[in-house]
Every structure is written in C-alpha cells, then in structure tokens.
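Each remark here refers to the structure printed beneath this line.
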Amino acid sequence: MSYSLYQHKNISDNTLDLPAGKVVCIGRNYLDHIRELGNEVPEQALLFMKPATALVSLDEPLLLPAGLGECHNELEVALLISSPIQRGDVINIAEMIWGVGLGLDLTLRDLQSKLKDKGQPWERAKAFDYSCPISRFIPINEFHDLNQLEFSLTVNNITRQQGNTAKMMRSIESLISEITDCFTLLPGDIVLTGTPAGVGVLNSGDKLALTLANRYKFGCEII
C-alpha cells in the first residue's frame, strides 16, 4: 500500500501553508503510563524524534509493519508549530502554535524492549515510516486552556485510553521551553505531548475512534 503525500490540514480539510517537519515526542509525561510500563520517572523531559516520513493522515486506513512484533497505540495531544521557537524565547502559545490535534505514537513494543535492554536508542521502534498517524488540526483560538484538554481513544468501541493534559507532569509551556533549550522548533513541526495509561496491541481490522475536548472526533481503521 502507498500513502498519499502527507500535508497538514485544518478541521475543514483544507491544506495549511506549513511544511511537514519533524515530530518531537515527549516520553513519560503521564505518571499512570510510567507506572503501567514499570519505568522510572525522568528528572528531565524525555525527548525523542520522528522524521517527517513518519507522518500519515488519520483520514487514511493504517497499515502496521509486518513481522516486527506487537505494535501498540500511544494516543497524544499534538501541537502544530507556526513560528520559529529558539532557546531563551518567551513562550507565547497563542502566537507560536497554529493549532491542536491528536496523534498516535505507534510503537513496536517488542523491539523497543530489546533496544532498552541493550541501552540503545528507540528510533527503530518509534520512527519508522508512517509511525505517526495525525489528525486534522483545530485552530488554537478554539481552546480556552491547553493544559485542561480531555482526549480519548476507543478500539472497536471499547475505551482504551482516556487522558487530560492537566495530568501531564509538565505543562505545555514548560515542554516547549525544555525542548527549545535543546533545539529550535520550526513552522510545520509537531510536538506530541505524551501518552496516558492504556497502551495496547493493535491488530488488522481494528477500528479506532479518537476524541479531543469532547467535541472533535476522528477515526480510522487498521487494515
């Protein structure tokens, strides 16, 4: 199967004038997820990246990698960056973020476990092609407080993940600041803000439904 070229879109399905950039991911930002996997609580934000080739629209059917073990869902609130953010910048969310959506940090869990055991980076388990299905984006001015957003995932009509950004270990502003202490965020980049508990195996034929702020609904099917 070949996917169409990914482009950022708004909730009305219009293409946005922002390039598809890197995806900066935050690991272990929800205590319940840290506990479910038996991980240590990080002193600093745990950062890793997916390339632009990881991006695929949630409007398309999803094809999981074959022969690489279990592939897990990790539902996350996604932020679409609209202006450059560098180290030392005062973080102004309304001016720096175009909008908010939902993303899946697809994870090859068996492979990730092997990499962890060897002390090796996670990219083989996290950054493969089409490992970041992403929704359409809702303009930032539609949200009153990004640190009070509810979001959820059902698989085959059964709730698997429910979260609220109020339960993140680090606020949106502090995440952006900590990321840009390391490297610049550019227009078109996406920040995935971490996943709550409820990660699990995805299988061919699964039907996924994603909800943001109890208003915005997205869905796709695993083929």
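Starting from 1 in every chain, residues are counted up; chains themselves are A, B, ... following the order of the structure tokens, and ligands are numbered from 1 as listed.
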
message: Which residues are near Ile179 of chain A? Cut-off 12 Å, only C-alpha atoms, ignore same chain within fewer than 4 positions. Put them as an MDAnalysis selection string.
response: chainID A and resid 23:26 44:49 85:89 91 170 172:175 183:186 190:193

query: So which bits of segment 15-194 of chain A end up alpha helix (DSSP H) when you DSSP the backbone, as a PyMOL selection string?
result: chain A and resi 31-36+93-96+109-117+123-126+172-180

message: For the strand (DSSP E) assignment from backbone DSSP, which residues of segment 14-197 of chain A qualify? Please present them as a ChimeraX atom specification.
response: /A:23-27,46-50,55-57,71-72,75-81,97-104,107-108,132-134,138-139,150-155,158-164,190-192

message: Rounded to one decimal, what separation in Å do you get between atom CA of Phe128 of chain A and atom CA of Glu74 of chain A?
response: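 The value is 14.8 Å.
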
- prompt: From the list A:Val41, A:Leu212, A:Leu153, A:Ile176, which residue is nearest Val199 of chain A when using only C-alpha atoms?
  reply: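 Closest residue, counting only C-alpha atoms: A:Leu153.
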
message: Quick one: residues within 12 Å of Leu31 of chain A, only C-alpha atoms, excluding same-chain residues fewer than 2 positions away - as JSON, numbers by chain?
response: {"A": [27, 28, 29, 33, 34, 35, 36, 37, 38, 39, 40, 41, 42, 163, 165, 166, 167, 168, 169, 170, 194, 195, 196, 197, 198]}

Nearest candidate to Ser113 of chain A (options A:Ile81, A:Cys71, A:Thr154, A:Ile134; using only C-alpha atoms): A:Cys71

message: My list of candidates is A:Asn164, A:Asn156, A:Asn73, A:Thr180. Which is closest to Leu208 of chain A when distances are computed with only C-alpha atoms?
response: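 Among the listed residues, A:Asn156 lies closest to Leu208 of chain A.
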
task: Excluding Tyr216 of chain A and residues on its chain fewer than 3 positions from it, collect all residues at most 9 Å away from it, counting only C-alpha atoms, and give them as a list in words.
output: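 The neighbour list is Ile11, Gly101, Ile138, Leu210, Thr211, Leu212 and Ala213 of chain A.
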
Using only C-alpha atoms, determine which residues lie at most 10 Å from Glu95 of chain A, disregarding the query and same-chain residues fewer than 5 positions distant; provide the list as a PDB file with N, CA, C and O atoms, in the first residue's frame.
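Written output follows (around.pdb):
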```
ATOM      1  N   ILE A  81       3.339  23.667  15.286  1.00  0.00           N
ATOM      2  CA  ILE A  81       4.114  24.896  15.479  1.00  0.00           C
ATOM      3  C   ILE A  81       3.942  25.818  14.262  1.00  0.00           C
ATOM      4  O   ILE A  81       3.992  25.377  13.114  1.00  0.00           O
ATOM      5  N   SER A  82       3.761  27.122  14.532  1.00  0.00           N
ATOM      6  CA  SER A  82       3.508  28.084  13.446  1.00  0.00           C
ATOM      7  C   SER A  82       4.615  29.107  13.269  1.00  0.00           C
ATOM      8  O   SER A  82       4.662  29.788  12.238  1.00  0.00           O
ATOM      9  N   SER A  83       5.502  29.255  14.251  1.00  0.00           N
ATOM     10  CA  SER A  83       6.596  30.215  14.121  1.00  0.00           C
ATOM     11  C   SER A  83       7.836  29.653  14.797  1.00  0.00           C
ATOM     12  O   SER A  83       7.728  28.804  15.694  1.00  0.00           O
ATOM     13  N   ILE A 140      -5.820  27.271  17.342  1.00  0.00           N
ATOM     14  CA  ILE A 140      -5.521  27.440  18.757  1.00  0.00           C
ATOM     15  C   ILE A 140      -6.581  28.279  19.474  1.00  0.00           C
ATOM     16  O   ILE A 140      -6.877  28.061  20.656  1.00  0.00           O
TER      17      ILE A 140
END
```

- prompt: Between A:Phe151, A:Phe143, A:Phe218, A:Trp122, which one has atoms that come closest to Asp110 of chain A, using only C-alpha atoms?
  reply: A:Trp122

- prompt: Got a sec: who's within 7 Å of Cys220 of chain A, counting only C-alpha atoms, leaving out chain neighbours fewer than 2 positions off, as a ChimeraX atom specification?
  reply: /A:58-61,207-209,222

Selection to disk with N, CA and C atoms, as a tab-separated table (two decimals), in the first residue's frame:
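Produced file out.tsv, reproduced below:
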```
chain	number	residue	atom	x	y	z
A	58	LEU	N	-4.63	10.59	9.56
A	58	LEU	CA	-5.59	9.69	10.20
A	58	LEU	C	-6.82	9.46	9.34
A	59	ASP	N	-6.97	10.22	8.28
A	59	ASP	CA	-8.09	10.02	7.37
A	59	ASP	C	-7.89	8.80	6.48
A	60	GLU	N	-6.68	8.25	6.48
A	60	GLU	CA	-6.38	7.09	5.64
A	60	GLU	C	-6.35	5.82	6.48
A	61	PRO	N	-6.67	4.65	5.90
A	61	PRO	CA	-6.50	3.38	6.60
A	61	PRO	C	-5.04	3.20	6.99
A	207	LYS	N	-10.92	-0.94	14.56
A	207	LYS	CA	-11.49	0.37	14.23
A	207	LYS	C	-11.22	1.31	15.39
A	208	LEU	N	-10.58	2.44	15.08
A	208	LEU	CA	-10.16	3.39	16.09
A	208	LEU	C	-11.01	4.66	16.00
A	209	ALA	N	-11.39	5.19	17.17
A	209	ALA	CA	-12.10	6.46	17.25
A	209	ALA	C	-11.39	7.34	18.28
A	222	ILE	N	-7.49	-0.08	10.98
A	222	ILE	CA	-6.24	-0.80	10.72
A	222	ILE	C	-6.55	-1.86	9.64
```

query: When distances are computed from only C-alpha atoms, which of A:Leu62, A:Leu18, A:Leu104, A:Leu79 shows the smallest separation from Gln161 of chain A?
result: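 Residue with the minimum atom-to-atom distance to Gln161 of chain A: A:Leu104.
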
task: For each of A:Leu115, A:Arg136, A:Leu80, A:Asp32, take the minimum atom-to-atom distance to Asn14 of chain A, counting only C-alpha atoms, then give the residue where this is smallest.
output: A:Arg136
